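Visitor: Provided below: coords.txt, containing compact mmCIF, C-alpha atoms.
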# COMPACT_ATOMS: atom_id res chain seq x y z
CA PRO A 1 215.10 88.82 77.13
CA GLY A 2 215.59 91.63 79.52
CA ASP A 3 216.37 91.69 83.15
CA ILE A 4 214.20 89.89 85.62
CA SER A 5 213.67 93.14 87.56
CA ASP A 6 212.24 94.76 84.46
CA TYR A 7 209.86 91.89 84.05
CA ALA A 8 208.66 92.19 87.63
CA THR A 9 207.63 95.78 87.12
CA TYR A 10 204.84 94.72 84.77
CA PRO A 11 201.56 93.77 86.47
CA ARG A 12 200.46 90.24 86.19
CA ALA A 13 196.94 89.21 85.46
CA GLY A 14 194.82 89.62 88.50
CA ARG A 15 197.61 91.22 90.56
CA HIS A 16 198.91 94.68 91.30
CA VAL A 17 202.41 95.79 91.96
CA ASP A 18 202.82 98.33 94.69
CA ALA A 19 204.73 101.37 93.53
CA ALA A 20 206.78 101.60 96.74
CA GLY A 21 208.34 98.24 96.97
CA GLY A 22 206.82 96.07 94.31
CA THR A 23 204.78 94.20 96.87
CA GLU A 24 202.04 92.24 95.21
CA ARG A 25 198.42 92.19 96.52
CA GLN A 26 195.17 90.98 95.12
CA TYR A 27 192.23 93.19 94.25
CA CYS A 28 189.57 93.34 96.91
CA SER A 29 186.71 91.28 95.58
CA GLN A 30 184.33 92.69 98.18
CA SER A 31 184.42 96.12 96.58
CA ARG A 32 183.12 94.85 93.28
CA ARG A 33 179.40 94.93 92.58
CA PRO A 34 177.98 91.50 91.93
CA ARG A 35 177.40 90.85 88.32
CA LEU A 36 173.77 90.02 87.62
CA SER A 37 172.66 87.67 84.95
CA ALA A 38 170.50 89.01 82.19
CA ARG A 39 166.82 88.49 82.81
CA ASN A 40 163.84 89.46 80.76
CA GLY A 41 165.95 90.42 77.76
CA ARG A 42 167.96 93.21 79.45
CA ARG A 43 171.36 92.94 81.05
CA GLY A 44 171.44 93.56 84.75
CA HIS A 45 167.65 93.59 85.16
CA VAL A 46 166.02 91.10 87.49
CA ARG A 47 162.31 90.38 87.20
CA ARG A 48 160.66 90.82 90.54
CA LYS A 49 158.18 88.34 91.82
CA PRO A 50 154.62 89.64 91.93
CA ASP A 51 153.60 90.95 95.31
CA ASP A 52 150.44 89.27 96.50
CA SER A 53 149.53 92.25 98.67
CA ARG A 54 149.37 94.52 95.61
CA ARG A 55 147.10 92.27 93.62
CA ARG A 56 143.49 93.36 93.17
CA LYS A 57 141.38 91.44 95.57
CA ARG A 58 138.15 90.30 94.04
CA SER A 59 135.09 90.35 96.24
CA PRO A 60 133.73 86.90 96.83
CA GLN A 61 130.69 86.27 94.66
CA LEU A 62 127.48 85.26 96.36
CA PRO A 63 126.49 81.74 95.42
CA ARG A 64 123.51 81.50 93.13
CA ILE A 65 121.41 79.67 95.68
CA LEU A 66 121.87 82.36 98.32
CA ALA A 67 121.24 85.08 95.75
CA MET A 68 117.98 83.46 94.67
CA GLU A 69 116.94 82.99 98.30
CA LEU A 70 117.58 86.67 99.02
CA PHE A 71 115.63 87.64 95.90
CA LEU A 72 112.61 85.58 96.96
CA GLN A 73 112.71 87.00 100.49
CA LEU A 74 112.67 90.57 99.18
CA THR A 75 109.94 89.69 96.68
CA PHE A 76 107.60 88.25 99.30
CA ALA A 77 108.29 91.14 101.67
CA GLY A 78 107.47 93.58 98.87
CA LEU A 79 104.24 91.73 98.13
CA ALA A 80 103.22 92.00 101.78
CA ILE A 81 103.89 95.75 101.90
CA GLY A 82 102.17 96.19 98.55
CA SER A 83 99.12 94.36 99.89
CA VAL A 84 98.81 96.89 102.69
CA TYR A 85 99.13 99.73 100.19
CA SER A 86 96.41 98.15 98.07
CA CYS A 87 93.96 98.23 100.99
CA VAL A 88 94.59 101.92 101.64
CA ALA A 89 94.50 102.68 97.91
CA LEU A 90 91.18 100.86 97.56
CA ALA A 91 89.73 102.96 100.37
CA VAL A 92 90.94 106.16 98.71
CA VAL A 93 89.52 105.15 95.33
CA MET A 94 86.14 104.25 96.80
CA ILE A 95 85.75 107.74 98.31
CA TYR A 96 87.13 109.40 95.19
CA GLN A 97 84.64 107.59 92.97
CA ALA A 98 81.79 108.66 95.26
CA THR A 99 82.74 112.30 95.86
CA ASP A 100 85.31 113.11 93.14
CA HIS A 101 87.69 114.28 95.87
CA PHE A 102 90.85 112.85 97.38
CA ASN A 103 90.51 111.97 101.06
CA PHE A 104 93.68 113.36 102.62
CA ALA A 105 92.69 111.92 106.00
CA GLN A 106 92.55 108.28 104.87
CA GLY A 107 95.93 107.38 106.34
CA GLU A 108 95.11 109.10 109.64
CA MET A 109 91.79 107.26 109.80
CA ALA A 110 93.60 103.95 109.36
CA MET A 111 96.06 104.94 112.09
CA PHE A 112 93.22 105.86 114.44
CA SER A 113 91.53 102.51 113.81
CA THR A 114 94.80 100.72 114.57
CA PHE A 115 95.02 102.51 117.92
CA ILE A 116 91.45 101.43 118.67
CA ALA A 117 92.44 97.81 118.01
CA TRP A 118 95.50 98.29 120.23
CA THR A 119 93.23 99.55 123.02
CA PHE A 120 90.97 96.50 122.69
CA ILE A 121 94.01 94.24 122.90
CA GLY A 122 95.16 96.09 126.02
CA LEU A 123 91.76 95.42 127.59
CA GLY A 124 92.39 91.69 127.28
CA LEU A 125 90.40 90.84 124.15
CA PRO A 126 91.78 88.21 121.74
CA LEU A 127 93.61 89.50 118.73
CA TRP A 128 91.01 88.54 116.17
CA ALA A 129 88.18 89.87 118.34
CA ALA A 130 89.99 93.20 118.66
CA PHE A 131 90.56 93.18 114.89
CA VAL A 132 86.88 92.63 114.07
CA LEU A 133 85.66 95.20 116.61
CA ALA A 134 88.11 97.81 115.34
CA VAL A 135 87.00 97.26 111.73
CA ALA A 136 83.33 97.46 112.75
CA ALA A 137 83.96 100.64 114.74
CA SER A 138 85.73 102.15 111.74
CA PHE A 139 82.77 101.31 109.51
CA VAL A 140 80.37 103.09 111.86
CA ALA A 141 82.75 106.03 112.27
CA GLY A 142 83.01 106.42 108.50
CA ILE A 143 79.25 106.65 108.17
CA ILE A 144 79.06 109.21 110.98
CA ILE A 145 81.80 111.34 109.39
CA GLU A 146 80.02 111.39 106.07
CA ARG A 147 76.68 112.31 107.64
CA THR A 148 77.99 115.02 109.95
CA VAL A 149 81.05 116.47 108.21
CA ILE A 150 80.98 115.72 104.48
CA LYS A 151 77.28 116.00 103.67
CA PRO A 152 76.91 119.64 104.83
CA VAL A 153 79.63 120.75 102.41
CA GLU A 154 78.81 118.52 99.44
CA ASN A 155 77.48 121.51 97.47
CA ALA A 156 80.18 123.89 98.69
CA PRO A 157 83.06 125.06 96.46
CA ILE A 158 85.85 122.58 95.84
CA LEU A 159 88.36 124.54 97.90
CA ASN A 160 86.08 124.37 100.94
CA GLN A 161 85.80 120.60 100.62
CA VAL A 162 89.58 120.25 100.35
CA VAL A 163 89.97 122.30 103.52
CA VAL A 164 87.52 119.95 105.27
CA PHE A 165 89.59 116.90 104.28
CA ILE A 166 92.79 118.53 105.53
CA ALA A 167 91.04 119.49 108.75
CA LEU A 168 90.00 115.84 109.24
CA LEU A 169 93.64 114.82 108.82
CA MET A 170 94.80 117.24 111.50
CA ILE A 171 91.96 116.33 113.86
CA PHE A 172 92.63 112.59 113.70
CA ASN A 173 96.37 113.12 114.07
CA ASN A 174 96.15 115.38 117.10
CA VAL A 175 93.34 113.49 118.83
CA ALA A 176 95.32 110.25 118.51
CA GLY A 177 98.36 111.96 120.03
CA TRP A 178 96.24 113.42 122.81
CA ILE A 179 94.72 110.03 123.73
CA TRP A 180 97.61 107.62 123.10
CA GLU A 181 100.56 110.06 123.09
CA PHE A 182 102.97 110.56 120.23
CA THR A 183 105.02 107.45 120.92
CA ILE A 184 105.47 104.19 119.05
CA LYS A 185 103.42 101.36 120.52
CA PRO A 186 104.25 97.67 120.04
CA PHE A 187 101.51 95.92 118.11
CA PRO A 188 101.36 92.11 117.95
CA SER A 189 100.62 90.20 114.82
CA ILE A 190 97.11 88.81 114.47
CA PHE A 191 98.51 85.71 112.77
CA PRO A 192 100.01 82.79 114.71
CA GLU A 193 103.73 82.18 114.52
CA ASP A 194 103.19 78.53 113.60
CA MET A 195 101.05 78.32 110.46
CA GLY A 196 101.76 74.67 109.74
CA PHE A 197 105.07 75.14 107.91
CA LYS A 198 108.41 76.82 108.35
CA SER A 199 110.13 78.72 105.59
CA GLN A 200 113.08 81.08 105.45
CA LEU A 201 111.65 82.83 102.41
CA ILE A 202 108.54 84.34 104.01
CA GLY A 203 107.43 84.87 107.57
CA PRO A 204 104.00 83.96 108.94
CA HIS A 205 102.89 87.58 109.23
CA HIS A 206 103.85 88.45 105.66
CA LEU A 207 102.06 85.37 104.37
CA GLY A 208 98.98 86.20 106.43
CA VAL A 209 98.98 89.77 105.15
CA ILE A 210 99.02 88.61 101.52
CA LEU A 211 96.27 86.01 102.02
CA LEU A 212 94.02 88.28 104.07
CA THR A 213 94.40 91.13 101.57
CA LEU A 214 93.44 88.83 98.71
CA PHE A 215 90.42 87.70 100.71
CA VAL A 216 89.34 91.30 101.42
CA LEU A 217 89.72 92.26 97.76
CA LEU A 218 87.69 89.24 96.70
CA ILE A 219 84.92 90.09 99.17
CA VAL A 220 84.81 93.70 97.97
CA PHE A 221 84.70 92.57 94.33
CA LEU A 222 81.84 90.14 94.95
CA PHE A 223 79.98 92.76 97.01
CA PHE A 224 80.04 95.39 94.26
CA ARG A 225 79.40 92.89 91.48
CA PHE A 226 76.64 90.61 92.74
CA THR A 227 74.80 92.31 95.63
CA ARG A 228 71.95 94.80 95.31
CA VAL A 229 73.52 97.21 97.77
CA GLY A 230 76.82 97.10 95.94
CA LEU A 231 75.16 97.74 92.57
CA ALA A 232 73.19 100.61 94.12
CA MET A 233 76.40 102.13 95.48
CA ARG A 234 77.98 101.90 92.05
CA ALA A 235 74.96 103.52 90.44
CA ALA A 236 74.92 106.33 93.01
CA ALA A 237 78.60 107.03 92.42
CA ALA A 238 78.38 106.83 88.61
CA ASN A 239 75.17 108.80 88.00
CA PRO A 240 73.47 110.22 91.10
CA ASP A 241 70.53 111.78 89.21
CA SER A 242 69.60 108.57 87.43
CA ALA A 243 70.02 106.63 90.67
CA ARG A 244 67.55 108.95 92.40
CA LEU A 245 65.03 108.43 89.60
CA VAL A 246 65.01 104.67 90.21
CA GLY A 247 64.56 105.09 93.95
CA ILE A 248 68.11 104.75 95.25
CA SER A 249 69.01 106.82 98.29
CA VAL A 250 72.18 108.41 96.98
CA GLY A 251 73.07 110.03 100.30
CA TRP A 252 73.00 106.79 102.24
CA MET A 253 74.87 104.97 99.48
CA LEU A 254 77.64 107.53 99.79
CA ALA A 255 77.61 107.11 103.56
CA LEU A 256 77.95 103.34 103.16
CA GLY A 257 80.84 103.97 100.79
CA TRP A 258 82.57 106.07 103.43
CA GLY A 259 81.99 103.38 106.02
CA LEU A 260 83.31 100.64 103.76
CA ALA A 261 86.36 102.73 102.86
CA ALA A 262 87.08 103.35 106.54
CA ALA A 263 86.78 99.61 107.29
CA VAL A 264 89.13 98.61 104.44
CA GLY A 265 91.61 101.27 105.52
CA ALA A 266 91.44 99.93 109.08
CA VAL A 267 92.38 96.48 107.78
CA GLY A 268 95.44 97.96 106.08
CA GLY A 269 96.47 99.89 109.19
CA ILE A 270 96.19 96.85 111.49
CA LEU A 271 98.13 94.68 109.07
CA VAL A 272 101.01 97.11 108.65
CA ALA A 273 101.42 97.89 112.35
CA PRO A 274 103.52 94.78 113.28
CA ILE A 275 105.84 95.16 110.27
Can the structure from this file be put into structure tokens for me?
Guide:
Amino acid sequence: PGDISDYATYPRAGRHVDAAGGTERQYCSQSRRPRLSARNGRRGHVRRKPDDSRRRKRSPQLPRILAMELFLQLTFAGLAIGSVYSCVALAVVMIYQATDHFNFAQGEMAMFSTFIAWTFIGLGLPLWAAFVLAVAASFVAGIIIERTVIKPVENAPILNQVVVFIALLMIFNNVAGWIWEFTIKPFPSIFPEDMGFKSQLIGPHHLGVILLTLFVLLIVFLFFRFTRVGLAMRAAAANPDSARLVGISVGWMLALGWGLAAAVGAVGGILVAPI
């Protein structure tokens, strides 16, 4: 064995000998980086916890009951609007079958009839009385239009007849604006708010529109199928020459067709106004 001083010059485990005087001091443990345990198969890697804020947030699904309720509400509302369209379409088809021309003024005629009903309501008449009077006035107005405007040009070229229909559209539109102004008017529903039941799927007005439209279509079907006037109108529209040979007044049958089309269109206009 050597000298003790030689032995002291060698560093011990975990210690360091100062070169100046051999003073011993420990290593600073704070300077060392903490040793991490192996995670996820790799040394020194730590698996982070999933961040909830970065997760994809799924939109809450609508319960099936609410989805079915919404579907039924939209279905009934669509049936009500479709019923109004069916009235106007029936009026257009009736004139087309009689004259072989599309009445461009049918929507404006329905609008004008609705303003007439609104005027009757403003005068203090009950809703249903105003409705009936407006439909009757539209029927008479349709006959007058056919006798005074359409009949003189029935043998004119097709382009002239189309110009007459467009002129009727512009006349009804501008006359309505001149009388009632070009502003939206509130129109009440002709159906009562309490119809004996309460439902969140369909309102009283929508239900009334569907039922009244079905009733009007049934009346029109029975009229053309089982009445003499209705059969005469069909004959005059299908074959005017043969209808004249059997004594049918084709001109007046066409006028009645115009009046009936104007009345059905008025029903559609009054029904759609509160919607």
Visitor: So which one's closest to Ile121 (chain A), A:Ile184, A:Ile190, A:Ala89, A:Leu207? Using all atoms listed in the file, please.
Guide: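 Closest residue, counting all atoms listed in the file: A:Ile190.
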Visitor: Taking only C-alpha atoms into account, name the residue in A:Lys185, A:Ser113, A:Phe226, A:Leu125 that is nearest to Val140 (chain A).
Guide: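 Checking each candidate against Val140 (chain A), we get A:Ser113 as the closest.
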Visitor: Which one is closest to Leu256 (chain A): A:Ala238, A:Ala110, A:Cys87, A:Met94? Count all atoms listed in the file.
Guide: A:Met94
Visitor: Quick one: of A:Val209, A:Leu222, A:Leu168, A:Leu201, who's nearest to Gln73 (chain A), counting all atoms listed in the file?
Guide: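 Going through A:Val209, A:Leu222, A:Leu168, A:Leu201 one by one, the smallest distance to Gln73 (chain A) is for A:Leu201.
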Visitor: For a quick check of understanding, using all atoms listed in the file, which of A:Gly142, A:Leu74, A:Gly269, A:Ala98 has the smallest distance to Ala232 (chain A)?
Guide: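 For Ala232 (chain A), the nearest of the given residues is A:Ala98.
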Visitor: Enter the distance from CA of Gly208 (chain A) to CA of Gly78 (chain A), in Å, rounded to one decimal.
Guide: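 These atoms are spaced 13.6 Å apart.
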Visitor: Just the number, please: distance in Å from CA of Ile275 (chain A) to CA of His205 (chain A), one decimal.
Guide: 8.2 Å
Visitor: What does the structure give for the distance between CA of Gly268 (chain A) and CA of Ser189 (chain A), in Å to one decimal?
Guide: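 Between these atoms lies a distance of 12.8 Å.
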Visitor: What lies within 10 Å of region 134-136 of chain A using only C-alpha atoms, ignoring chain neighbours under 2 positions off, as JSON, numbers by chain?
Guide: {"A": [110, 112, 113, 114, 115, 116, 117, 118, 119, 120, 128, 129, 130, 131, 132, 138, 139, 140, 141, 142, 259, 260, 262, 263, 264, 265, 266, 267, 270]}
Visitor: Could you list, as a PDB file with C-alpha atoms, in the coordinates of the input, every residue within 9 Å of region 65-72 of chain A, counting all atoms listed in the file and ignoring same-chain residues fewer than 3 positions away?
Guide:
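File result-v5.pdb, as written:
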ATOM      1  CA  LEU A  62     127.480  85.260  96.360  1.00  0.00           C
ATOM      2  CA  THR A  75     109.940  89.690  96.680  1.00  0.00           C
ATOM      3  CA  PHE A  76     107.600  88.250  99.300  1.00  0.00           C
ATOM      4  CA  ALA A  77     108.290  91.140 101.670  1.00  0.00           C
ATOM      5  CA  GLN A 200     113.080  81.080 105.450  1.00  0.00           C
ATOM      6  CA  LEU A 201     111.650  82.830 102.410  1.00  0.00           C
ATOM      7  CA  ILE A 202     108.540  84.340 104.010  1.00  0.00           C
TER       8      ILE A 202
END
Visitor: Which residues, written as a list in words, have at least one atom at most 9 Å from Leu254 (chain A), with only C-alpha atoms counted and residues fewer than 5 positions away on the same chain left out?
Guide: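 Answer for this query is Ile95, Ala98, Thr99, Ile143, Glu146, Met233, Ala236, Ala237, Ser249 and Gly259 of chain A.
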Visitor: When you count all atoms listed in the file, which of these residues is closest to Ala91 (chain A): A:Gly257, A:Pro157, A:Pro192, A:Pro274?
Guide: A:Gly257
